[in-house]
file input_0.csv (CSV, C-alpha atoms)
chain,number,residue,atom,x,y,z
O,76,MET,CA,78.8,104.6,95.5
O,77,LYS,CA,81.5,107.0,94.4
O,78,HIS,CA,81.0,109.1,91.2
O,79,ARG,CA,83.3,107.7,88.6
O,80,ILE,CA,85.3,110.2,86.5
O,81,VAL,CA,87.5,108.9,83.7
O,82,ILE,CA,90.0,111.1,81.8
O,83,LEU,CA,91.3,109.8,78.5
O,84,GLY,CA,94.7,111.2,77.6
O,85,ALA,CA,97.4,112.7,79.8
O,86,GLY,CA,98.8,115.5,77.5
O,87,TYR,CA,98.7,119.1,78.6
O,88,ALA,CA,94.9,119.2,78.7
O,89,GLY,CA,94.1,115.7,80.1
O,90,ALA,CA,96.7,115.8,82.9
O,91,SER,CA,95.7,119.3,83.9
O,92,ALA,CA,92.0,118.3,84.0
O,93,ALA,CA,92.8,115.2,86.2
O,94,GLY,CA,94.9,117.1,88.7
O,95,ARG,CA,92.4,120.0,88.9
O,96,LEU,CA,89.4,117.7,89.5
O,97,ALA,CA,91.4,115.8,92.2
O,98,ARG,CA,92.2,119.0,94.0
O,99,ARG,CA,88.7,120.4,93.9
O,100,LEU,CA,86.6,117.3,94.7
O,101,HIS,CA,86.5,115.3,97.9
O,102,GLY,CA,88.1,111.9,97.6
O,103,ASP,CA,85.4,110.3,99.6
O,104,ASP,CA,82.9,111.2,96.9
O,105,VAL,CA,84.7,110.6,93.6
O,106,GLU,CA,86.9,108.0,91.9
O,107,ILE,CA,89.2,109.6,89.3
O,108,THR,CA,91.0,107.5,86.7
O,109,LEU,CA,93.5,108.8,84.2
O,110,VAL,CA,94.2,106.6,81.1
O,111,ASN,CA,97.3,107.2,79.0
O,112,ALA,CA,99.2,105.2,76.5
O,113,GLU,CA,102.6,106.1,78.0
O,114,PRO,CA,103.7,106.2,81.6
O,115,ASP,CA,105.3,109.7,81.2
O,116,PHE,CA,103.9,113.2,80.6
O,117,VAL,CA,105.3,114.3,77.2
O,118,GLU,CA,106.1,117.9,76.5
O,119,ARG,CA,104.7,117.8,73.0
O,120,ILE,CA,105.6,121.4,72.2
O,121,ARG,CA,109.2,120.5,72.6
O,122,MET,CA,109.3,117.4,70.3
O,123,HIS,CA,111.3,119.3,67.7
O,124,GLN,CA,114.0,119.6,70.4
O,125,VAL,CA,114.0,115.9,71.0
O,126,ALA,CA,114.3,115.3,67.3
O,127,THR,CA,117.6,117.3,67.2
O,128,GLY,CA,119.1,115.3,70.1
O,129,GLN,CA,118.3,117.5,73.1
O,130,HIS,CA,117.5,115.8,76.4
O,131,LEU,CA,114.3,116.7,78.2
O,132,ARG,CA,113.6,116.0,81.8
O,133,ASP,CA,111.7,112.8,82.5
O,134,ARG,CA,108.2,113.5,84.0
O,135,PRO,CA,106.6,110.2,85.2
O,136,LEU,CA,102.9,110.6,85.5
O,137,ARG,CA,102.9,108.7,88.8
O,138,ASP,CA,105.2,111.4,90.3
O,139,LEU,CA,103.0,114.2,88.9
O,140,LEU,CA,99.9,112.5,90.4
O,141,ALA,CA,101.4,111.4,93.7
O,142,GLY,CA,99.2,112.2,96.6
O,143,SER,CA,96.3,113.5,94.4
O,144,GLY,CA,94.2,110.3,94.6
O,145,VAL,CA,94.1,109.9,90.8
O,146,ALA,CA,94.5,106.3,89.6
O,147,LEU,CA,96.7,106.0,86.6
O,148,ARG,CA,96.0,103.3,83.9
O,149,VAL,CA,98.8,102.9,81.3
O,150,ALA,CA,96.9,101.5,78.3
O,151,ARG,CA,95.6,102.6,74.9
O,152,VAL,CA,91.9,103.4,74.4
O,153,THR,CA,90.4,101.3,71.7
O,154,SER,CA,86.8,102.5,71.8
O,155,VAL,CA,84.3,104.6,73.7
O,156,ASP,CA,80.6,103.6,74.0
O,157,VAL,CA,78.8,106.8,75.2
O,158,GLU,CA,75.5,105.0,75.4
O,159,SER,CA,76.6,102.4,77.9
O,160,LYS,CA,79.2,104.8,79.4
O,161,THR,CA,82.1,102.4,79.0
O,162,VAL,CA,85.7,102.7,77.7
O,163,LEU,CA,87.5,99.7,76.2
O,164,LEU,CA,91.3,99.5,76.6
O,165,ASP,CA,93.8,97.5,74.6
O,166,ASP,CA,94.4,95.1,77.5
O,167,ARG,CA,90.7,94.2,77.1
O,168,HIS,CA,89.7,95.8,80.3
O,169,GLU,CA,86.6,97.9,80.4
O,170,LEU,CA,86.2,101.1,82.4
O,171,ARG,CA,82.8,102.4,83.4
O,172,TYR,CA,82.3,106.1,84.0
O,173,ASP,CA,79.7,108.6,85.2
O,174,THR,CA,81.6,111.5,83.8
O,175,LEU,CA,84.1,111.3,80.9
O,176,VAL,CA,86.7,113.8,80.0
O,177,TYR,CA,88.0,113.1,76.5
O,178,ALA,CA,91.5,114.4,75.9
O,179,LEU,CA,93.0,112.0,73.4
O,180,GLY,CA,94.4,114.9,71.4
O,181,SER,CA,95.6,114.7,67.8
O,182,ALA,CA,98.1,113.2,65.3
O,183,ARG,CA,99.5,114.2,62.0
O,184,ASP,CA,97.0,114.7,59.1
O,185,ASP,CA,98.2,113.4,55.8
O,186,HIS,CA,95.4,115.3,53.9
O,187,GLY,CA,95.2,112.3,51.6
O,188,VAL,CA,98.8,112.7,50.2
O,189,LEU,CA,100.3,109.5,49.0
O,190,GLY,CA,103.4,108.2,50.9
O,191,VAL,CA,103.1,110.3,54.1
O,192,PHE,CA,102.7,107.5,56.5
O,193,GLU,CA,105.1,105.2,54.6
O,194,HIS,CA,108.0,107.7,54.1
O,195,ALA,CA,107.6,110.9,56.2
O,196,HIS,CA,108.8,111.5,59.7
O,197,GLU,CA,106.8,113.5,62.3
O,198,VAL,CA,107.3,115.4,65.6
O,199,ALA,CA,103.7,115.0,66.8
O,200,SER,CA,104.7,112.2,69.2
O,201,ARG,CA,107.8,111.2,71.3
O,202,PRO,CA,108.3,108.0,69.4
O,203,GLY,CA,108.2,109.9,66.1
O,204,ALA,CA,110.6,112.5,67.3
O,205,LEU,CA,113.1,109.8,68.5
O,206,ARG,CA,112.9,108.0,65.1
O,207,LEU,CA,113.6,111.3,63.4
O,208,ARG,CA,116.5,112.0,65.7
O,209,GLU,CA,118.2,108.7,64.7
O,210,ARG,CA,117.6,109.3,61.0
O,211,LEU,CA,119.0,112.9,61.2
O,212,ARG,CA,122.1,111.6,63.0
O,213,ALA,CA,122.8,109.1,60.2
O,214,LEU,CA,122.6,111.6,57.4
O,215,PRO,CA,125.9,112.5,55.6
O,216,PRO,CA,126.9,116.1,55.0
O,217,GLY,CA,124.9,117.7,52.2
O,218,ALA,CA,121.9,115.5,52.7
O,219,CYS,CA,118.5,117.2,52.1
O,220,VAL,CA,115.8,117.6,54.7
O,221,VAL,CA,112.4,118.9,53.6
O,222,VAL,CA,109.9,120.1,56.2
O,223,VAL,CA,106.3,120.1,54.8
O,224,GLY,CA,104.1,122.7,56.5
O,225,GLY,CA,104.6,126.3,57.2
O,226,GLY,CA,102.7,126.5,60.5
O,227,LEU,CA,104.2,126.7,64.0
O,228,THR,CA,105.3,123.1,64.0
O,229,GLY,CA,107.0,123.3,60.6
O,230,ILE,CA,108.7,126.6,61.4
O,231,GLU,CA,110.1,125.4,64.7
O,232,SER,CA,111.2,122.0,63.3
O,233,ALA,CA,112.9,123.5,60.3
O,234,SER,CA,114.8,126.2,62.3
O,235,GLU,CA,115.8,123.7,65.0
O,236,ILE,CA,117.1,121.2,62.5
O,237,ALA,CA,119.0,123.8,60.5
O,238,GLU,CA,120.7,125.2,63.6
O,239,SER,CA,121.6,121.8,65.1
O,240,PHE,CA,122.7,120.2,61.8
O,241,GLU,CA,124.5,122.9,59.9
O,242,GLN,CA,126.0,120.3,57.5
O,243,LEU,CA,122.5,119.5,56.1
O,244,ASP,CA,120.5,121.3,53.4
O,245,VAL,CA,117.1,122.2,54.9
O,246,ALA,CA,114.0,123.4,53.1
O,247,ILE,CA,110.5,124.2,54.2
O,248,VAL,CA,107.4,123.9,51.9
O,249,THR,CA,104.3,126.0,52.6
O,250,THR,CA,101.0,126.3,50.6
O,251,GLY,CA,100.7,130.0,51.2
O,252,ALA,CA,103.0,132.9,51.7
O,253,PHE,CA,105.6,132.1,54.4
O,254,GLY,CA,104.4,133.2,57.8
O,255,ASP,CA,101.4,135.0,56.2
O,256,TRP,CA,99.4,135.0,59.5
O,257,LEU,CA,102.1,137.1,61.2
O,258,SER,CA,102.4,140.9,61.2
O,259,PRO,CA,104.8,142.6,58.8
O,260,ALA,CA,107.3,142.9,61.6
O,261,GLY,CA,106.9,139.2,62.4
O,262,GLN,CA,107.3,138.1,58.8
O,263,HIS,CA,110.4,140.3,58.4
O,264,HIS,CA,112.1,138.7,61.4
O,265,LEU,CA,111.0,135.2,60.4
O,266,ARG,CA,112.4,135.5,56.9
O,267,GLY,CA,115.6,137.1,58.2
O,268,THR,CA,116.2,134.2,60.6
O,269,PHE,CA,115.6,131.5,57.9
O,270,ALA,CA,117.9,133.3,55.6
O,271,ARG,CA,120.6,133.4,58.3
O,272,LEU,CA,120.1,129.7,59.0
O,273,GLY,CA,120.3,128.9,55.3
O,274,VAL,CA,116.8,127.3,55.0
O,275,THR,CA,115.3,127.3,51.5
O,276,VAL,CA,111.7,128.5,51.6
O,277,LEU,CA,109.3,127.1,48.9
O,278,GLU,CA,106.1,129.3,49.1
O,279,HIS,CA,102.8,128.8,47.4
O,280,THR,CA,103.6,125.2,46.9
O,281,SER,CA,101.8,122.0,47.8
O,282,VAL,CA,103.2,118.5,48.1
O,283,THR,CA,101.2,115.8,46.3
O,284,ARG,CA,103.4,112.8,47.0
O,285,VAL,CA,106.1,111.7,49.4
O,286,ASP,CA,108.7,109.1,48.3
O,287,ALA,CA,111.7,107.7,50.1
O,288,THR,CA,114.1,110.2,48.5
O,289,SER,CA,111.9,113.1,47.3
O,290,VAL,CA,108.6,114.9,47.5
O,291,THR,CA,106.6,115.9,44.5
O,292,THR,CA,105.0,119.3,44.3
O,293,ASP,CA,101.7,120.3,42.7
O,294,ASP,CA,103.3,121.3,39.4
O,295,GLY,CA,104.9,117.9,39.2
O,296,THR,CA,108.4,119.0,40.2
O,297,PRO,CA,110.4,116.5,42.3
O,298,VAL,CA,112.3,118.0,45.3
O,299,PRO,CA,115.2,115.9,46.7
O,300,ALA,CA,114.5,114.8,50.2
O,301,ASP,CA,116.7,112.3,52.0
O,302,VAL,CA,114.3,113.0,55.0
O,303,THR,CA,110.8,114.4,54.8
O,304,VAL,CA,109.3,115.8,58.0
O,305,TRP,CA,105.5,116.1,57.8
O,306,ALA,CA,104.2,119.1,59.7
O,307,ALA,CA,101.2,120.0,57.6
O,308,GLY,CA,98.5,120.0,60.3
O,309,PHE,CA,96.9,117.7,62.7
O,310,ALA,CA,93.7,115.6,62.9
O,311,ALA,CA,91.8,114.6,66.0
O,312,HIS,CA,92.1,111.0,67.3
O,313,PRO,CA,89.6,108.9,65.4
O,314,ILE,CA,87.9,107.2,68.4
O,315,ALA,CA,85.5,110.1,69.0
O,316,ALA,CA,84.3,110.0,65.3
O,317,ALA,CA,83.7,106.3,65.7
O,318,SER,CA,81.3,106.9,68.6
O,319,ALA,CA,77.8,108.4,68.8
O,320,LEU,CA,79.3,111.8,69.9
O,321,LYS,CA,78.6,114.8,67.7
O,322,VAL,CA,81.9,115.7,65.9
O,323,THR,CA,83.0,118.0,63.2
O,324,ASP,CA,84.3,116.8,59.8
O,325,ARG,CA,87.8,116.9,61.4
O,326,GLY,CA,86.7,114.5,64.1
O,327,GLN,CA,86.7,117.0,66.9
O,328,ILE,CA,83.9,116.7,69.6
O,329,VAL,CA,81.5,119.7,69.4
O,330,VAL,CA,81.3,121.3,72.9
O,331,ASP,CA,79.5,124.2,74.5
O,332,GLY,CA,81.2,127.0,76.5
O,333,THR,CA,81.7,124.7,79.5
O,334,MET,CA,83.5,122.1,77.3
O,335,ARG,CA,80.6,119.7,77.6
O,336,SER,CA,79.5,117.7,74.6
O,337,VAL,CA,76.4,119.1,72.9
O,338,SER,CA,75.2,115.6,72.2
O,339,HIS,CA,76.1,113.8,75.4
O,340,PRO,CA,76.0,115.8,78.7
O,341,ASP,CA,78.1,113.3,80.6
O,342,VAL,CA,81.1,113.8,78.3
O,343,TYR,CA,83.5,116.7,78.3
O,344,ALA,CA,86.2,117.3,75.7
O,345,VAL,CA,89.4,119.4,75.9
O,346,GLY,CA,92.5,120.2,74.0
O,347,ASP,CA,92.9,119.2,70.3
O,348,ALA,CA,90.0,116.8,70.7
O,349,ALA,CA,87.4,119.5,71.2
O,350,PHE,CA,85.8,122.0,68.9
O,351,ALA,CA,85.1,125.1,71.0
O,352,HIS,CA,84.6,128.8,70.2
O,353,GLY,CA,86.5,131.9,71.4
O,354,PRO,CA,85.1,135.4,72.3
O,355,VAL,CA,83.8,136.3,68.9
O,356,GLY,CA,82.8,132.9,67.7
O,357,ASN,CA,86.3,132.0,66.4
O,358,PRO,CA,87.2,128.3,66.6
O,359,LEU,CA,90.0,127.8,69.1
O,360,ARG,CA,93.2,126.5,67.5
O,361,MET,CA,94.8,123.2,68.3
O,362,SER,CA,97.5,124.3,70.7
O,363,CYS,CA,98.8,124.1,74.3
O,364,ALA,CA,97.7,127.7,74.7
O,365,SER,CA,94.1,126.5,74.2
O,366,GLY,CA,94.4,123.1,75.9
O,367,ILE,CA,95.3,124.0,79.5
O,368,PRO,CA,92.6,126.7,79.9
O,369,MET,CA,90.0,124.4,78.3
O,370,ALA,CA,91.0,121.7,80.8
O,371,TRP,CA,90.5,124.2,83.7
O,372,GLN,CA,87.2,125.2,82.3
O,373,ALA,CA,86.0,121.6,81.9
O,374,ALA,CA,87.2,120.6,85.4
O,375,ASP,CA,85.6,123.6,87.1
O,376,SER,CA,82.4,123.0,85.2
O,377,VAL,CA,82.3,119.4,86.3
O,378,VAL,CA,82.9,120.5,89.9
O,379,ALA,CA,80.2,123.1,89.7
O,380,ARG,CA,77.6,120.7,88.3
O,381,LEU,CA,78.4,117.9,90.8
O,382,THR,CA,78.5,120.2,93.8
O,383,GLY,CA,75.7,122.6,92.9
O,384,GLY,CA,78.1,125.5,92.5
O,385,ARG,CA,78.4,128.3,90.0
O,386,LEU,CA,80.0,127.8,86.6
O,387,PRO,CA,83.0,129.9,85.8
O,388,ARG,CA,82.4,133.0,83.8
O,389,THR,CA,85.7,134.1,82.2
O,390,PRO,CA,85.8,134.9,78.5
O,391,MET,CA,88.2,133.0,76.2
O,392,GLY,CA,90.9,135.0,74.5
O,393,TYR,CA,94.5,134.8,73.2
O,394,VAL,CA,97.4,137.0,74.0
O,395,HIS,CA,100.3,135.9,71.8
O,396,GLN,CA,101.9,133.2,69.7
O,397,CYS,CA,105.4,132.2,70.9
O,398,ILE,CA,107.7,130.7,68.3
O,399,SER,CA,111.1,129.2,68.8
O,400,LEU,CA,113.6,129.6,66.0
O,401,GLY,CA,116.3,127.4,67.3
O,402,ARG,CA,117.9,127.8,70.7
O,403,ARG,CA,119.2,131.3,70.2
O,404,ASP,CA,116.3,133.0,68.4
O,405,GLY,CA,112.6,133.3,68.8
O,406,LEU,CA,109.5,135.4,67.9
O,407,ILE,CA,106.7,136.6,70.1
O,408,GLN,CA,103.8,137.7,67.9
O,409,LEU,CA,101.2,139.6,69.9
O,410,VAL,CA,97.6,138.8,68.9
O,411,THR,CA,94.1,140.0,69.5
O,412,ALA,CA,91.8,138.0,71.7
O,413,ASP,CA,90.5,136.2,68.6
O,414,ASP,CA,94.0,135.4,67.5
O,415,HIS,CA,94.7,137.9,64.8
O,416,ALA,CA,98.2,139.4,64.6
O,417,ARG,CA,98.9,142.8,66.1
O,418,SER,CA,101.7,145.0,64.8
O,419,VAL,CA,104.1,144.2,67.6
O,420,ALA,CA,106.3,141.1,67.2
O,421,PRO,CA,109.6,141.2,69.1
O,422,GLY,CA,112.2,138.7,68.2
O,423,GLY,CA,115.8,137.6,69.0
O,424,ARG,CA,117.5,136.1,72.1
O,425,ALA,CA,115.1,137.7,74.5
O,426,ALA,CA,112.1,136.2,72.6
O,427,ALA,CA,113.9,132.8,72.7
O,428,ARG,CA,114.3,133.0,76.5
O,429,TYR,CA,110.6,134.1,76.9
O,430,LYS,CA,109.5,131.1,74.7
O,431,GLU,CA,111.6,128.8,77.0
O,432,LEU,CA,109.8,130.3,80.0
O,433,VAL,CA,106.4,129.6,78.4
O,434,CYS,CA,107.3,126.0,77.7
O,435,ALA,CA,108.6,125.5,81.2
O,436,GLY,CA,105.5,127.3,82.6
O,437,ALA,CA,103.1,125.0,80.7
O,438,ALA,CA,104.8,121.9,82.2
O,439,TRP,CA,104.6,123.6,85.7
O,440,LEU,CA,100.9,124.2,85.3
O,441,VAL,CA,100.3,120.5,84.5
O,442,ALA,CA,102.0,119.6,87.9
O,443,HIS,CA,100.1,122.5,89.6
O,444,PRO,CA,96.7,122.6,88.0
O,445,VAL,CA,95.2,124.7,90.9
O,446,PRO,CA,97.9,127.4,91.5
O,447,TYR,CA,95.9,128.8,94.5
O,448,PRO,CA,94.5,127.3,97.7
O,449,ALA,CA,91.4,125.3,96.9
O,450,ARG,CA,88.9,123.5,99.1
O,451,ARG,CA,87.9,120.0,98.1
O,452,ARG,CA,84.1,120.1,97.7
O,453,ARG,CA,81.6,117.5,98.6
O,454,LEU,CA,79.1,116.3,96.0
O,455,ALA,CA,75.5,117.6,96.2
O,456,THR,CA,72.7,115.2,96.8
O,457,THR,CA,71.2,116.4,93.5
O,458,THR,CA,73.3,118.2,90.9
O,459,ALA,CA,71.9,121.2,89.1
O,460,ALA,CA,73.1,122.3,85.7
O,461,PRO,CA,73.7,126.1,85.7
O,462,ALA,CA,73.7,127.8,82.3
O,463,GLY,CA,77.0,127.4,80.5
O,464,THR,CA,79.4,130.3,79.6
O,465,THR,CA,82.7,130.7,77.9
O,466,ALA,CA,86.2,130.0,79.1
O,467,ALA,CA,89.6,131.7,79.2
O,468,VAL,CA,92.9,131.2,77.5
O,469,ARG,CA,95.8,133.0,79.2
call {"tool": "encode", "arguments": {"input": "input_0.csv", "output": "structure tokens"}}
result
Amino acid sequence: MKHRIVILGAGYAGASAAGRLARRLHGDDVEITLVNAEPDFVERIRMHQVATGQHLRDRPLRDLLAGSGVALRVARVTSVDVESKTVLLDDRHELRYDTLVYALGSARDDHGVLGVFEHAHEVASRPGALRLRERLRALPPGACVVVVGGGLTGIESASEIAESFEQLDVAIVTTGAFGDWLSPAGQHHLRGTFARLGVTVLEHTSVTRVDATSVTTDDGTPVPADVTVWAAGFAAHPIAAASALKVTDRGQIVVDGTMRSVSHPDVYAVGDAAFAHGPVGNPLRMSCASGIPMAWQAADSVVARLTGGRLPRTPMGYVHQCISLGRRDGLIQLVTADDHARSVAPGGRAAARYKELVCAGAAWLVAHPVPYPARRRRLATTTAAPAGTTAAVR
């Protein structure tokens, strides 16, 4: 009987894991199924572009998986039973697995703020970005757009909207100092760009309520908002927390250095769904920069355990944070391996072009999850479990 591997979610992490497993394990020995709610691969890190009316290339998953041997199931996951090793889908079908790779990712986190789900738009999903696009197009000149959240998603969304819709008044609200995790050079470029784009920056401010035409700040001040874009962080998909898997208080599955669940050894978690550590014990941030290398680590670890091979031994570390500031500007903040800002942070058109290459490269890696010749390995009669190590983010 073939070893059944089921991957849940076909974002950057899930699709990369599926393709890498298929290219490194022999098809006579394994049956690999990829489950995703949509038939296409979605470039999530470009959703702010979709929201402003830009067209992205269609990437059907069946085309990406063609010839790999991976079976695609277009359905939503409703529950996971890690004791019986089953996954229930919204079409009432049940999938059984021997190894599960959980990559259901994340969605916006309302942090308990009233009105977020009723009145705020989001760019965490393609449907959300498309709804925001239609709303922005319908706004009259002088209408107010408020982006809540001063992280990467909020910064990229606010700058993209301000550049594409010059007739709108755009503001961004952040709980701390604007861009406070960047180096002084990075903060200087960021502030200069937002001043040039005419974006109002509200620092050291929290939003306590979202209504149809305004947001309310922590001091009770109403801020006009014909459109509110919620970009104040992400929360892991709730299915893991509803299972017997060990999760954090944010619902992320706790994994070891091989991306294997610390509570259930037949389950691996990658991307935003996983809580993993970097080179000095730092938690890895929810990002594409973490998700793809985590997927490679999980896939290579599954292969090693099933074939009796050696687990990968590459340390995890970051290099930079790439931020788009519209189509004509960008910022590349160099960081230490544990994700702290270095002094160097080039910006401008060259940085925008580099960011574009990074986005295109991430999509290319999903389609080419093993960018070197690889032999498809046969399963061992008995599978040993070598000691786990850490993984790499490049």
call {"tool": "closest_residue", "arguments": {"input": "input_0.csv", "among": "O:Ile107, O:Ala287, O:Met122, O:Leu320", "to": "O:Gly203", "atoms": "all atoms listed in the file"}}
result
O:Met122
call {"tool": "residues_around", "arguments": {"input": "input_0.csv", "residues": "O:Trp439", "least_positions_apart": "5", "cutoff": "12 Å", "atoms": "all atoms listed in the file", "output": "list in words"}}
result
Tyr87, Ala90, Ser91, Phe116, Glu118, Arg134, Leu139, Ile367, Leu432, Val433, Cys434, Pro444, Val445 and Pro446 of chain O
call {"tool": "residues_around", "arguments": {"input": "input_0.csv", "residues": "O:His130", "least_positions_apart": "6", "cutoff": "12 Å", "atoms": "all atoms listed in the file", "output": "list in words"}}
result
Glu118, Arg121, Met122, His123, Gln124, Arg201, Ala204, Leu205 and Arg208 of chain O
call {"tool": "atom_distance", "arguments": {"input": "input_0.csv", "atom1": "atom CA of O:Leu400", "atom2": "atom CA of O:Thr275"}}
result
14.8 Å
call {"tool": "residues_around", "arguments": {"input": "input_0.csv", "residues": "O:Arg451", "least_positions_apart": "4", "cutoff": "8 Å", "atoms": "all atoms listed in the file", "output": "MDAnalysis selection string"}}
result
chainID O and resid 98:101
call {"tool": "closest_residue", "arguments": {"input": "input_0.csv", "among": "O:Pro421, O:Gly267, O:Gly436, O:Gly353", "to": "O:Leu409", "atoms": "all atoms listed in the file"}}
result
O:Pro421
call {"tool": "atom_distance", "arguments": {"input": "input_0.csv", "atom1": "atom CA of O:Ser318", "atom2": "atom CA of O:Leu359"}}
result
22.6 Å
call {"tool": "atom_distance", "arguments": {"input": "input_0.csv", "atom1": "atom CA of O:Ile328", "atom2": "atom CA of O:Ile120"}}
result
22.4 Å
call {"tool": "closest_residue", "arguments": {"input": "input_0.csv", "among": "O:Leu257, O:Val222, O:Leu175, O:Ala306", "to": "O:Val198", "atoms": "all atoms listed in the file"}}
result
O:Ala306
call {"tool": "closest_residue", "arguments": {"input": "input_0.csv", "among": "O:Ala426, O:Arg148, O:Ala412, O:Glu158", "to": "O:Leu170", "atoms": "all atoms listed in the file"}}
result
O:Arg148
